[in-house]
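Data file: coords_10.cif. Format and content: mmCIF, C-alpha atoms.
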data_start
loop_
_atom_site.group_PDB
_atom_site.id
_atom_site.type_symbol
_atom_site.label_atom_id
_atom_site.label_comp_id
_atom_site.auth_asym_id
_atom_site.auth_seq_id
_atom_site.Cartn_x
_atom_site.Cartn_y
_atom_site.Cartn_z
ATOM 1 C CA MET A 886 0.000 0.000 0.000
ATOM 2 C CA SER A 887 1.509 3.341 -1.053
ATOM 3 C CA LEU A 888 1.589 6.594 0.875
ATOM 4 C CA ALA A 889 -0.828 8.032 -1.692
ATOM 5 C CA GLU A 890 -3.255 5.209 -1.001
ATOM 6 C CA ILE A 891 -3.057 5.807 2.741
ATOM 7 C CA GLU A 892 -3.694 9.524 2.201
ATOM 8 C CA GLY A 893 -6.682 8.651 0.026
ATOM 9 C CA LEU A 894 -8.113 6.475 2.778
ATOM 10 C CA GLN A 895 -7.476 9.249 5.304
ATOM 11 C CA ALA A 896 -9.499 11.631 3.110
ATOM 12 C CA ALA A 897 -12.339 9.131 3.025
ATOM 13 C CA LEU A 898 -12.066 8.761 6.793
ATOM 14 C CA ARG A 899 -12.313 12.527 7.290
ATOM 15 C CA GLY A 900 -15.471 12.443 5.169
ATOM 16 C CA GLU A 901 -16.950 9.746 7.383
ATOM 17 C CA HIS A 902 -16.110 11.723 10.547
ATOM 18 C CA SER A 903 -17.853 14.748 9.109
ATOM 19 C CA ALA A 904 -20.916 12.735 8.096
ATOM 20 C CA ILE A 905 -21.257 11.097 11.512
ATOM 21 C CA TRP A 906 -21.218 14.521 13.155
ATOM 22 C CA GLY A 907 -23.650 15.892 10.600
ATOM 23 C CA TYR A 908 -26.154 13.078 10.985
ATOM 24 C CA GLY A 909 -26.509 14.140 14.613
ATOM 25 C CA VAL A 910 -27.899 17.418 13.296
ATOM 26 C CA VAL A 911 -29.996 15.618 10.686
ATOM 27 C CA GLY A 912 -31.527 13.305 13.296
ATOM 28 C CA ALA A 913 -32.592 16.242 15.425
ATOM 29 C CA ALA A 914 -34.184 18.015 12.471
ATOM 30 C CA VAL A 915 -36.086 15.365 10.533
ATOM 31 C CA SER A 916 -39.556 14.025 11.246
ATOM 32 C CA PRO A 917 -39.927 11.116 13.673
ATOM 33 C CA GLU A 918 -40.771 8.835 10.738
ATOM 34 C CA ALA A 919 -37.415 9.527 9.130
ATOM 35 C CA ARG A 920 -35.329 8.996 12.263
ATOM 36 C CA GLN A 921 -34.926 5.253 11.828
ATOM 37 C CA SER A 922 -33.477 5.829 8.370
ATOM 38 C CA VAL A 923 -31.090 8.356 9.887
ATOM 39 C CA ARG A 924 -30.058 5.850 12.552
ATOM 40 C CA ASP A 925 -29.441 3.164 9.916
ATOM 41 C CA VAL A 926 -27.357 5.490 7.769
ATOM 42 C CA ASP A 927 -25.441 6.746 10.786
ATOM 43 C CA ALA A 928 -24.599 3.140 11.699
ATOM 44 C CA ALA A 929 -23.381 2.492 8.158
ATOM 45 C CA HIS A 930 -21.063 5.498 8.350
ATOM 46 C CA ARG A 931 -19.695 4.396 11.716
ATOM 47 C CA ALA A 932 -18.966 0.972 10.235
ATOM 48 C CA GLY A 933 -17.227 2.631 7.290
ATOM 49 C CA ARG A 934 -15.207 4.804 9.643
ATOM 50 C CA ASP A 935 -14.085 1.793 11.679
ATOM 51 C CA GLU A 936 -13.152 -0.216 8.616
ATOM 52 C CA LEU A 937 -11.135 2.653 7.173
ATOM 53 C CA ALA A 938 -9.347 3.165 10.490
ATOM 54 C CA ASP A 939 -8.450 -0.539 10.592
ATOM 55 C CA MET A 940 -7.103 -0.429 7.031
ATOM 56 C CA ILE A 941 -4.974 2.610 7.852
ATOM 57 C CA ARG A 942 -3.677 1.088 11.102
ATOM 58 C CA LEU A 943 -2.744 -2.103 9.291
ATOM 59 C CA GLN A 944 -0.332 -0.002 7.238
ATOM 60 C CA GLY A 945 1.286 1.365 10.376
ATOM 61 C CA ALA A 946 -0.304 4.826 10.115
ATOM 62 C CA ASP A 947 -2.518 6.622 12.586
ATOM 63 C CA PRO A 948 -6.090 7.286 11.436
ATOM 64 C CA ASP A 949 -6.950 10.976 11.293
ATOM 65 C CA PRO A 950 -9.152 11.899 14.264
ATOM 66 C CA ALA A 951 -12.536 13.577 14.069
ATOM 67 C CA GLU A 952 -12.832 17.312 14.635
ATOM 68 C CA ALA A 953 -14.661 18.491 17.741
ATOM 69 C CA SER A 954 -17.299 20.076 15.507
ATOM 70 C CA TYR A 955 -17.890 21.012 11.889
ATOM 71 C CA GLU A 956 -19.363 23.995 10.123
ATOM 72 C CA LEU A 957 -22.802 23.487 8.649
ATOM 73 C CA PRO A 958 -23.089 24.438 4.970
ATOM 74 C CA PHE A 959 -26.430 26.184 5.626
ATOM 75 C CA PRO A 960 -28.758 26.692 8.576
ATOM 76 C CA VAL A 961 -30.858 23.640 9.386
ATOM 77 C CA ALA A 962 -34.092 24.865 10.912
ATOM 78 C CA ASP A 963 -36.608 22.184 9.959
ATOM 79 C CA ALA A 964 -37.151 18.717 8.544
ATOM 80 C CA ALA A 965 -36.636 19.863 4.960
ATOM 81 C CA GLY A 966 -33.314 21.376 5.955
ATOM 82 C CA GLY A 967 -32.369 18.111 7.645
ATOM 83 C CA LEU A 968 -33.042 16.149 4.458
ATOM 84 C CA ARG A 969 -31.033 18.619 2.413
ATOM 85 C CA LEU A 970 -28.174 18.349 4.883
ATOM 86 C CA ALA A 971 -28.274 14.551 4.667
ATOM 87 C CA ALA A 972 -27.918 14.728 0.877
ATOM 88 C CA PHE A 973 -25.084 17.230 1.277
ATOM 89 C CA LEU A 974 -23.289 14.950 3.743
ATOM 90 C CA GLU A 975 -23.464 12.013 1.346
ATOM 91 C CA ALA A 976 -22.057 14.156 -1.442
ATOM 92 C CA GLY A 977 -19.111 14.931 0.842
ATOM 93 C CA VAL A 978 -18.594 11.288 1.715
ATOM 94 C CA ALA A 979 -18.651 10.425 -1.992
ATOM 95 C CA GLN A 980 -15.888 12.985 -2.589
ATOM 96 C CA GLY A 981 -13.680 11.304 -0.026
ATOM 97 C CA TYR A 982 -14.168 7.880 -1.543
ATOM 98 C CA ALA A 983 -13.720 9.077 -5.126
ATOM 99 C CA TYR A 984 -10.407 10.587 -4.088
ATOM 100 C CA ALA A 985 -9.481 7.377 -2.273
ATOM 101 C CA LEU A 986 -10.308 5.419 -5.437
ATOM 102 C CA SER A 987 -8.064 7.680 -7.498
ATOM 103 C CA GLN A 988 -5.177 7.159 -5.079
ATOM 104 C CA SER A 989 -5.590 3.413 -4.564
ATOM 105 C CA ASP A 990 -3.169 0.907 -5.991
ATOM 106 C CA THR A 991 -4.338 -2.249 -4.225
ATOM 107 C CA GLN A 992 -7.486 -4.131 -5.174
ATOM 108 C CA LEU A 993 -8.571 -4.110 -1.541
ATOM 109 C CA ALA A 994 -8.600 -0.317 -1.316
ATOM 110 C CA LYS A 995 -10.055 0.086 -4.800
ATOM 111 C CA THR A 996 -12.902 -2.336 -4.162
ATOM 112 C CA PHE A 997 -13.693 -0.840 -0.765
ATOM 113 C CA SER A 998 -13.594 2.741 -2.057
ATOM 114 C CA LEU A 999 -15.730 2.009 -5.095
ATOM 115 C CA ALA A 1000 -18.374 0.175 -3.062
ATOM 116 C CA ALA A 1001 -18.484 3.005 -0.526
ATOM 117 C CA LEU A 1002 -18.695 5.613 -3.296
ATOM 118 C CA ILE A 1003 -21.678 3.799 -4.796
ATOM 119 C CA ASP A 1004 -23.348 3.477 -1.376
ATOM 120 C CA ALA A 1005 -22.924 7.191 -0.722
ATOM 121 C CA ALA A 1006 -24.438 8.034 -4.117
ATOM 122 C CA LEU A 1007 -27.382 5.723 -3.437
ATOM 123 C CA ARG A 1008 -27.990 7.378 -0.062
ATOM 124 C CA GLN A 1009 -27.722 10.821 -1.643
ATOM 125 C CA THR A 1010 -30.348 9.707 -4.150
ATOM 126 C CA TYR A 1011 -32.568 8.485 -1.325
ATOM 127 C CA TRP A 1012 -32.373 11.772 0.582
ATOM 128 C CA GLN A 1013 -32.875 13.852 -2.542
ATOM 129 C CA HIS A 1014 -35.943 11.793 -3.352
ATOM 130 C CA GLN A 1015 -37.235 12.305 0.194
ATOM 131 C CA SER A 1016 -36.699 16.048 -0.035
ATOM 132 C CA GLY A 1017 -38.212 16.355 -3.512
ATOM 133 C CA SER A 1018 -34.979 17.617 -5.095
ATOM 134 C CA THR A 1019 -34.422 17.202 -8.806
ATOM 135 C CA PRO A 1020 -32.645 15.664 -10.459
ATOM 136 C CA ILE A 1021 -32.986 12.837 -7.977
ATOM 137 C CA THR A 1022 -29.670 11.238 -8.846
ATOM 138 C CA PRO A 1023 -26.202 12.813 -8.647
ATOM 139 C CA GLU A 1024 -24.621 13.235 -12.063
ATOM 140 C CA PHE A 1025 -20.985 12.822 -11.060
ATOM 141 C CA PRO A 1026 -20.976 11.774 -7.403
ATOM 142 C CA GLY A 1027 -17.664 12.429 -5.729
ATOM 143 C CA LEU A 1028 -16.252 14.633 -8.486
ATOM 144 C CA MET B 505 0.027 -6.345 -18.703
ATOM 145 C CA GLY B 506 0.475 -7.570 -22.237
ATOM 146 C CA ASP B 507 4.084 -8.732 -21.878
ATOM 147 C CA SER B 508 3.132 -12.188 -20.720
ATOM 148 C CA ARG B 509 0.608 -12.627 -23.489
ATOM 149 C CA VAL B 510 1.672 -14.410 -26.618
ATOM 150 C CA SER B 511 -0.483 -13.619 -29.583
ATOM 151 C CA ARG B 512 -1.617 -16.206 -32.067
ATOM 152 C CA ARG B 513 0.461 -14.424 -34.700
ATOM 153 C CA THR B 514 3.595 -14.734 -32.564
ATOM 154 C CA LEU B 515 3.010 -18.433 -32.072
ATOM 155 C CA LEU B 516 2.449 -19.003 -35.794
ATOM 156 C CA SER B 517 5.556 -17.106 -36.841
ATOM 157 C CA ALA B 518 7.579 -18.976 -34.234
ATOM 158 C CA ALA B 519 6.335 -22.275 -35.664
ATOM 159 C CA VAL B 520 7.287 -21.228 -39.200
ATOM 160 C CA THR B 521 10.746 -20.175 -38.081
ATOM 161 C CA THR B 522 11.269 -23.442 -36.262
ATOM 162 C CA ALA B 523 10.153 -25.487 -39.256
ATOM 163 C CA ALA B 524 12.480 -23.583 -41.564
ATOM 164 C CA ALA B 525 15.378 -24.035 -39.195
ATOM 165 C CA ALA B 526 14.739 -27.791 -39.128
ATOM 166 C CA GLY B 527 14.945 -27.926 -42.917
ATOM 167 C CA LEU B 528 11.406 -29.145 -43.342
ATOM 168 C CA GLY B 529 10.788 -26.751 -46.156
ATOM 169 C CA SER B 530 13.832 -27.799 -48.223
ATOM 170 C CA GLY B 531 12.354 -31.174 -49.259
ATOM 171 C CA LEU B 532 9.326 -29.569 -50.857
ATOM 172 C CA SER B 533 10.986 -28.284 -53.989
ATOM 173 C CA GLY B 534 8.825 -28.796 -56.993
ATOM 174 C CA CYS B 535 5.607 -28.105 -55.194
ATOM 175 C CA GLU B 536 3.697 -25.267 -56.671
ATOM 176 C CA ALA B 537 3.409 -22.268 -54.542
ATOM 177 C CA GLY B 538 -0.010 -21.803 -53.070
ATOM 178 C CA PRO B 539 -2.104 -18.750 -53.549
ATOM 179 C CA PRO B 540 -0.404 -15.612 -52.352
ATOM 180 C CA GLU B 541 -1.216 -14.797 -48.794
ATOM 181 C CA PRO B 542 -3.009 -11.567 -48.197
ATOM 182 C CA PRO B 543 -0.865 -8.886 -46.664
ATOM 183 C CA ALA B 544 -0.797 -9.093 -42.927
ATOM 184 C CA GLN B 545 -3.232 -6.714 -41.363
ATOM 185 C CA THR B 546 -2.101 -4.464 -38.630
ATOM 186 C CA GLN B 547 -3.556 -5.936 -35.508
ATOM 187 C CA THR B 548 -4.619 -3.320 -33.034
ATOM 188 C CA ARG B 549 -5.373 -4.570 -29.604
ATOM 189 C CA PRO B 550 -8.706 -3.143 -28.478
ATOM 190 C CA ASP B 551 -8.361 -0.497 -25.817
ATOM 191 C CA PRO B 552 -9.830 -1.847 -22.566
ATOM 192 C CA LEU B 553 -12.176 1.124 -22.414
ATOM 193 C CA THR B 554 -13.578 0.614 -25.903
ATOM 194 C CA PRO B 555 -16.327 -1.766 -24.688
ATOM 195 C CA VAL B 556 -17.203 0.667 -21.910
ATOM 196 C CA LEU B 557 -17.649 3.545 -24.347
ATOM 197 C CA LEU B 558 -19.631 1.367 -26.725
ATOM 198 C CA GLY B 559 -21.794 0.298 -23.795
ATOM 199 C CA GLN B 560 -22.508 3.929 -22.996
ATOM 200 C CA ARG B 561 -23.511 4.597 -26.595
ATOM 201 C CA SER B 562 -25.736 1.553 -26.527
ATOM 202 C CA LEU B 563 -27.382 2.729 -23.315
ATOM 203 C CA GLN B 564 -28.011 6.143 -24.860
ATOM 204 C CA ASP B 565 -29.687 4.429 -27.807
ATOM 205 C CA VAL B 566 -31.961 2.467 -25.494
ATOM 206 C CA TYR B 567 -32.951 5.631 -23.631
ATOM 207 C CA GLN B 568 -33.785 7.312 -26.919
ATOM 208 C CA ARG B 569 -35.817 4.380 -28.199
ATOM 209 C CA VAL B 570 -37.780 4.179 -24.958
ATOM 210 C CA LEU B 571 -38.408 7.917 -24.830
ATOM 211 C CA ASP B 572 -39.426 7.996 -28.483
ATOM 212 C CA ALA B 573 -41.940 5.212 -27.953
ATOM 213 C CA PHE B 574 -43.166 6.144 -24.462
ATOM 214 C CA PRO B 575 -42.370 9.774 -23.681
ATOM 215 C CA GLU B 576 -44.565 9.705 -20.569
ATOM 216 C CA LEU B 577 -43.183 6.448 -19.216
ATOM 217 C CA PHE B 578 -41.302 7.870 -16.293
ATOM 218 C CA VAL B 579 -41.130 11.420 -15.046
ATOM 219 C CA ALA B 580 -37.394 11.428 -14.308
ATOM 220 C CA LEU B 581 -36.373 9.611 -17.471
ATOM 221 C CA THR B 582 -35.145 12.701 -19.274
ATOM 222 C CA ASP B 583 -32.934 13.548 -16.286
ATOM 223 C CA LEU B 584 -31.428 10.061 -16.330
ATOM 224 C CA GLN B 585 -30.914 10.269 -20.085
ATOM 225 C CA ALA B 586 -29.219 13.664 -19.761
ATOM 226 C CA GLN B 587 -26.893 12.363 -17.053
ATOM 227 C CA THR B 588 -26.045 9.323 -19.150
ATOM 228 C CA GLU B 589 -25.148 11.621 -22.036
ATOM 229 C CA ALA B 590 -22.920 13.628 -19.709
ATOM 230 C CA HIS B 591 -21.200 10.417 -18.572
ATOM 231 C CA THR B 592 -20.641 9.338 -22.159
ATOM 232 C CA GLU B 593 -19.209 12.703 -23.145
ATOM 233 C CA ALA B 594 -16.848 12.774 -20.160
ATOM 234 C CA LEU B 595 -15.694 9.205 -20.736
ATOM 235 C CA PHE B 596 -15.013 9.777 -24.435
ATOM 236 C CA ALA B 597 -12.939 12.828 -23.499
ATOM 237 C CA ALA B 598 -11.047 10.911 -20.811
ATOM 238 C CA ALA B 599 -10.306 7.881 -22.995
ATOM 239 C CA PRO B 600 -9.009 9.290 -26.310
ATOM 240 C CA ALA B 601 -7.450 6.013 -27.468
ATOM 241 C CA ALA B 602 -10.699 4.105 -27.097
ATOM 242 C CA ALA B 603 -12.652 6.981 -28.645
ATOM 243 C CA ALA B 604 -10.288 6.969 -31.637
ATOM 244 C CA GLN B 605 -10.738 3.213 -32.102
ATOM 245 C CA ILE B 606 -14.505 3.638 -32.116
ATOM 246 C CA ALA B 607 -14.288 6.538 -34.558
ATOM 247 C CA ALA B 608 -12.016 4.509 -36.853
ATOM 248 C CA THR B 609 -14.352 1.529 -36.751
ATOM 249 C CA ALA B 610 -17.362 3.728 -37.438
ATOM 250 C CA SER B 611 -15.541 5.353 -40.340
ATOM 251 C CA GLY B 612 -14.697 1.949 -41.809
ATOM 252 C CA THR B 613 -18.236 0.760 -41.382
ATOM 253 C CA THR B 614 -19.588 3.875 -43.033
ATOM 254 C CA SER B 615 -17.379 3.558 -46.092
ATOM 255 C CA ALA B 616 -18.118 -0.156 -46.358
ATOM 256 C CA SER B 617 -21.828 0.367 -46.123
ATOM 257 C CA ALA B 618 -21.618 3.188 -48.668
ATOM 258 C CA SER B 619 -20.177 0.834 -51.263
ATOM 259 C CA THR B 620 -22.123 -2.265 -50.333
ATOM 260 C CA PRO B 621 -25.839 -2.237 -49.752
ATOM 261 C CA SER B 622 -26.350 -3.785 -46.377
ATOM 262 C CA SER B 623 -29.330 -5.433 -44.843
ATOM 263 C CA SER B 624 -28.961 -3.574 -41.604
ATOM 264 C CA SER B 625 -31.524 -4.507 -39.030
ATOM 265 C CA ALA B 626 -32.556 -1.477 -37.039
ATOM 266 C CA PRO B 627 -33.436 -2.137 -33.393
ATOM 267 C CA VAL B 628 -37.068 -2.951 -32.981
ATOM 268 C CA PRO B 629 -38.955 -0.385 -30.872
ATOM 269 C CA PRO B 630 -40.368 -1.784 -27.626
ATOM 270 C CA VAL B 631 -43.894 -3.057 -28.056
ATOM 271 C CA ASP B 632 -45.250 -1.957 -24.695
ATOM 272 C CA ALA B 633 -44.277 0.133 -21.709
ATOM 273 C CA ALA B 634 -43.430 -2.822 -19.482
ATOM 274 C CA THR B 635 -41.069 -4.255 -22.096
ATOM 275 C CA ALA B 636 -39.525 -0.853 -22.630
ATOM 276 C CA LEU B 637 -38.844 -0.453 -18.927
ATOM 277 C CA ALA B 638 -37.433 -3.978 -18.665
ATOM 278 C CA ASP B 639 -35.132 -3.335 -21.637
ATOM 279 C CA LEU B 640 -33.951 -0.099 -20.084
ATOM 280 C CA LYS B 641 -33.289 -1.686 -16.689
ATOM 281 C CA LEU B 642 -31.222 -4.399 -18.342
ATOM 282 C CA ALA B 643 -29.216 -1.860 -20.334
ATOM 283 C CA VAL B 644 -28.585 0.254 -17.231
ATOM 284 C CA ASP B 645 -27.518 -2.832 -15.264
ATOM 285 C CA THR B 646 -25.111 -3.830 -18.011
ATOM 286 C CA ALA B 647 -23.586 -0.364 -18.260
ATOM 287 C CA ALA B 648 -23.220 -0.043 -14.485
ATOM 288 C CA GLY B 649 -21.463 -3.395 -14.283
ATOM 289 C CA SER B 650 -19.118 -2.512 -17.106
ATOM 290 C CA LEU B 651 -18.273 0.826 -15.465
ATOM 291 C CA ARG B 652 -17.642 -0.814 -12.083
ATOM 292 C CA THR B 653 -15.266 -3.353 -13.604
ATOM 293 C CA ALA B 654 -13.417 -0.675 -15.551
ATOM 294 C CA ALA B 655 -13.111 1.533 -12.450
ATOM 295 C CA LEU B 656 -11.352 -1.255 -10.587
ATOM 296 C CA GLU B 657 -8.923 -1.791 -13.461
ATOM 297 C CA ALA B 658 -8.105 1.896 -13.999
ATOM 298 C CA ASP B 659 -5.879 4.206 -11.980
ATOM 299 C CA GLY B 660 -5.839 7.832 -10.906
ATOM 300 C CA ASP B 661 -8.375 10.350 -12.143
ATOM 301 C CA LEU B 662 -9.721 7.932 -14.725
ATOM 302 C CA ALA B 663 -10.575 5.449 -11.974
ATOM 303 C CA ALA B 664 -12.413 8.181 -10.099
ATOM 304 C CA LEU B 665 -14.358 9.202 -13.208
ATOM 305 C CA LEU B 666 -15.324 5.620 -14.008
ATOM 306 C CA GLY B 667 -16.286 5.022 -10.382
ATOM 307 C CA SER B 668 -18.384 8.163 -10.319
ATOM 308 C CA CYS B 669 -20.191 7.206 -13.517
ATOM 309 C CA ALA B 670 -20.705 3.699 -12.117
ATOM 310 C CA ALA B 671 -22.188 5.150 -8.933
ATOM 311 C CA SER B 672 -24.500 7.490 -10.816
ATOM 312 C CA THR B 673 -25.629 4.726 -13.171
ATOM 313 C CA THR B 674 -26.304 2.446 -10.200
ATOM 314 C CA CYS B 675 -28.508 5.226 -8.801
ATOM 315 C CA HIS B 676 -30.360 5.356 -12.115
ATOM 316 C CA ARG B 677 -31.103 1.677 -11.751
ATOM 317 C CA GLN B 678 -32.408 2.230 -8.237
ATOM 318 C CA VAL B 679 -34.729 4.972 -9.471
ATOM 319 C CA LEU B 680 -36.020 2.741 -12.268
ATOM 320 C CA ALA B 681 -36.723 -0.163 -9.912
#

Can you present the structure in this file as structure tokens?
Amino acid sequence: MSLAEIEGLQAALRGEHSAIWGYGVVGAAVSPEARQSVRDVDAAHRAGRDELADMIRLQGADPDPAEASYELPFPVADAAGGLRLAAFLEAGVAQGYAYALSQSDTQLAKTFSLAALIDAALRQTYWQHQSGSTPITPEFPGL
Amino acid sequence: MGDSRVSRRTLLSAAVTTAAAAGLGSGLSGCEAGPPEPPAQTQTRPDPLTPVLLGQRSLQDVYQRVLDAFPELFVALTDLQAQTEAHTEALFAAAPAAAAQIAATASGTTSASASTPSSSSAPVPPVDAATALADLKLAVDTAAGSLRTAALEADGDLAALLGSCAASTTCHRQVLA
């Protein structure tokens, strides 16, 4: 595993940290009916974070830590804002994994990054559908 | 990647060389020469991205056929078609060698068909909306799979582009489901 690959995984990890923090805001904003979906997605991001950290540690590097807090891209005052934030968070996660894919030279990192990129795009699609955004699907997720 | 591969041409020429070295050809004097062999064609190995680009073109064609036949089939279909066109355009720009191979093949096909009347069979339009949607889902699945495979085989920015297109196309499939 090259240094570039490790840095790519670190970028993806930073994206996961940011998303996990952000879904705390999303969960507080969305309707009660949507909270289980938020919990499920949050769990998926925590699993992704842990897997990335393990991959980085296996290469003898220290996983980048989470920040204490992050800046919201826009005020989130209601359920609609929560859904928009969720879609925004997934777009950010996709960026991290697309970069990781571009830096990967092992099949393990490539396969993991590609699968996570696709998952993030699918979740972005889900939240955009929930919020009524169009187009529903991201054109170039991660880029 | 290709160093370990031995082409059929290499094997054949090696066999000829070996036979000549063993003197097998010297005892055949008096035999009439066979018909002259056609000049060897330049063999161009297909670029690995050529099938991906062709798959994108094929997917675009399916979208167009479905929209032509059933313009009201699905409200988001024009968005998906537009995004697919954007993917195709970006991939052609990012893979110039594959794009050139496709252009060369198309040019050859055009000149051949101009001189020889062909019995080209145009794709049959879908007969009903359900068939149209099923055809489209299959085409999207195929394209997404091809993009995923190519993304894992590519490196750098090209890998990211292929992965992004694969992710978007997988989302299209989810929307069509």

Extending 6 Å beyond the listed atoms of region 601-612 of chain B on each side, what axis-aligned box results? I want centre and edge lengths in Å to one decimal, as JSON.
{"center_x": -12.4, "center_y": 4.3, "center_z": -34.5, "size_x": 21.9, "size_y": 17.5, "size_z": 26.7}

message: Residue by residue, what does the PyMOL selection byres ((chain A and resi 938) around 12) grab here? Present the result as a PyMOL selection string.
response: chain A and resi 891-892+894-899+901-902+931-937+939-951

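The result of the PyMOL selection byres ((chain B) within 6 of (chain A)) on the shown file is Gln587, Gly660, Asp661, Ala663, Ala664, Ser668, Ala671, Ser672 and Cys675 of chain B.
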
Quick one: write out the picked residues with C-alpha atoms as a compact mmCIF listing (two decimals), in the coordinates of the input?
# COMPACT_ATOMS: atom_id res chain seq x y z
CA GLN B 587 -26.89 12.36 -17.05
CA GLY B 660 -5.84 7.83 -10.91
CA ASP B 661 -8.38 10.35 -12.14
CA ALA B 663 -10.58 5.45 -11.97
CA ALA B 664 -12.41 8.18 -10.10
CA SER B 668 -18.38 8.16 -10.32
CA ALA B 671 -22.19 5.15 -8.93
CA SER B 672 -24.50 7.49 -10.82
CA CYS B 675 -28.51 5.23 -8.80

task: Might you spell out which residues the PyMOL selection byres ((chain B and resi 645) around 12) would select in the displayed file, as a ChimeraX atom specification?
output: /B:559-560,563,638-644,646-652,670-678,680-681

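The smallest atom-to-atom distance between Cys669 (chain B) and any of B:Arg549, B:Leu577, B:Ala590, B:Val570, using only C-alpha atoms, is found for B:Ala590.
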
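Residues surrounding Pro958 (chain A) within 12 Å are Ser903, Gly907, Val910, Gly966, Gly967, Arg969, Leu970, Ala971, Ala972, Phe973, Leu974 and Gly977 of chain A [all atoms listed in the file; sequence separation below 5 positions excluded].
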
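Here CA of Ala928 (chain A) and CA of Ala904 (chain A) stand 10.9 Å from one another.
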
- request: Take CA of His930 (chain A) and CA of Gly667 (chain B) and report the distance between them in Å, one decimal.
  value: 19.3 Å

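With distances restricted to only C-alpha atoms, B:Ala634 is the closest residue to Phe578 (chain B) from B:Pro555, B:Ala610, B:Leu656, B:Ala634.
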
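Between CA of Phe574 (chain B) and CA of Glu593 (chain B) the interatomic distance comes to 24.9 Å.
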
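With distances restricted to all atoms listed in the file, A:Ala919 is the closest residue to Leu968 (chain A) from A:Ala919, A:Val926, A:Ala889, A:Ala953.
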
query: Which of these residues is nearest to Leu595 (chain B), using all atoms listed in the file: B:Thr554, B:Thr548, B:Ser562, B:Thr653?
result: B:Thr554
